[in-house]
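Right, one structure below, let's go through it.
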Amino acid sequence: MATVVFLSYITMSIPVLGEETTQPDTAELKSQIAEMKKRIAELEKKVNQNQSNDHNQSSDGNLLQSAIAGVNFTGGISAGNFYTSNSGQESSDNAWLLSNLLVEISTKDKDAPVGFAAAIGETSTPSILSSPENNDSLDIEYASLRLRPVTELSVEVGLLQPNAGYENSYTFNNQNTFLGAIASQQPYNAYGAQIGYDFNGIHLRGGYYRDRLDSEEYVDNQSTPNESWELGVSGTVMDTSFSIYHYHLQSLRNMTGVVMERTINNVDLAFNMDYWRWDSSMKDIHEDNASIGAAFYIVPHFGKFSIPVRLEYIDQGKSSMYIESVSAHKIYAVTLSPTYHILDNAYVRADLAYVRAENGFTDDNGNLQDDRVCLAAEIGYTF
């Protein structure tokens, strides 16, 4: 820029041949040269400032893009109509529900030395053993910081999700709309810490928790656990994924369970078995001390269409572990959930479930009933 201005000045200063020239005044020429130098300096300063601003803006933009690129935005939303027969005198048997809402942000690099995951949302989806009830409380569902001092070891602290069971609390991640009977008693989110260790494709984990997100999740004989812990191991053997876990609720009950999953051609298969045992401090409260139950999942896929089937059997004796009625020794349930996937991440599905448990349910008039029918029509979207 300075060179261009200077050459322009020289060009204008050279006389054209044939023209009459006069000798300029020396003092005036010096003044013009000084003014020209001043203007050149100001132009150079402006150019340098613009280049610096462009560089800073580019650096800020790159940092912002890098930060956004390192974060996952995931979650889902589902809504529909839910109906449950024999839901009791004080419960609604039919309701339109925003069944699930979850928005999660988390670090993409799971092997980074420091990571995080946090989600806000709500869930209203009933299990086949409960009744439709709207939950309009939008709150933090889970939030944690994860430290990974070495690749094999991780420590996670905050409001955490447990590692027990096959089904997910947020049912747009499941194959069925209603939660199953087995899943209805599996633990929900709690505040605490988890530690994990990986070696040779096997994952070991342990967790300790103080307070539960749902304070009424486990209440029996006016007692609620104020602390709990879990241990587990998971991995894959011969194309079959497995998870074995033990969950202890202080002075209340203990659960030991296993999950196995495998896909054969176009059919997803899964098996989940739980064994619950009352704590020794509860042995005089219930006639039986333990309950065992299992759920078997069969999900054939036909292009965009699938027909998930869930079969469940629970022998709770007189433990009242799943249903309070001491007459409901055994619980049988079958759930059918035909689903059409509008897109890879959007679906429409219906749920039809039948549950049988002797004197396990109550109708609108307060009479004991052995059967229950659950119906749902839901649309969901995950992102």
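How things are named: the first chain in the structure tokens is A, the next is B, and so on; residues count from 1 in each chain; ligands count from 1 in the order shown.
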
Review point. Got a sec: who's within 10 Å of Ile128 of chain A, counting only C-alpha atoms, leaving out chain neighbours fewer than 5 positions off, as a PyMOL selection string?
Key: chain A and resi 84+177-184+333-335+352-355+372-375

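The closest residue to Leu98 of chain A, picked from A:Arg310, A:Lys38, A:Tyr170, A:Ala69 and counting only C-alpha atoms, is A:Tyr170.
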
**Study point:** Between atom CA of Glu90 of chain A and atom CA of Tyr313 of chain A - distance in Å to one decimal
**Key:**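 Going from atom CA of Tyr313 of chain A over to atom CA of Glu90 of chain A, I get 27.4 Å.
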
Check your understanding: Which of these residues is nearest to Pro225 of chain A, using only C-alpha atoms: A:Gly317, A:Pro300, A:Gly206, A:Pro187?
Key ->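 Smallest distance to Pro225 of chain A is found for A:Pro187.
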
Practice item. Quick one: pick out all helix (DSSP H, G or I) residues within segment 50-291 of chain A from a backbone DSSP run and write them as an NGL selection string. Key: :A and (50-69 or 171-173 or 181-184 or 280-282)

Check which residues of segment 103-209 of chain A sit at most 9 Å from segment 250-263 of chain A using only C-alpha atoms, and return one row each with the closest pair of atoms and their distance in Å to one decimal, ordered by chain and rising number, as a tab-separated table.
```
residue	atom	partner	partner_atom	distance
A:Ala164	CA	A:Gly257	CA	7.5
A:Gly165	CA	A:Val259	CA	6.6
A:Tyr166	CA	A:Val259	CA	6.2
A:Gln186	CA	A:Met255	CA	8.5
```
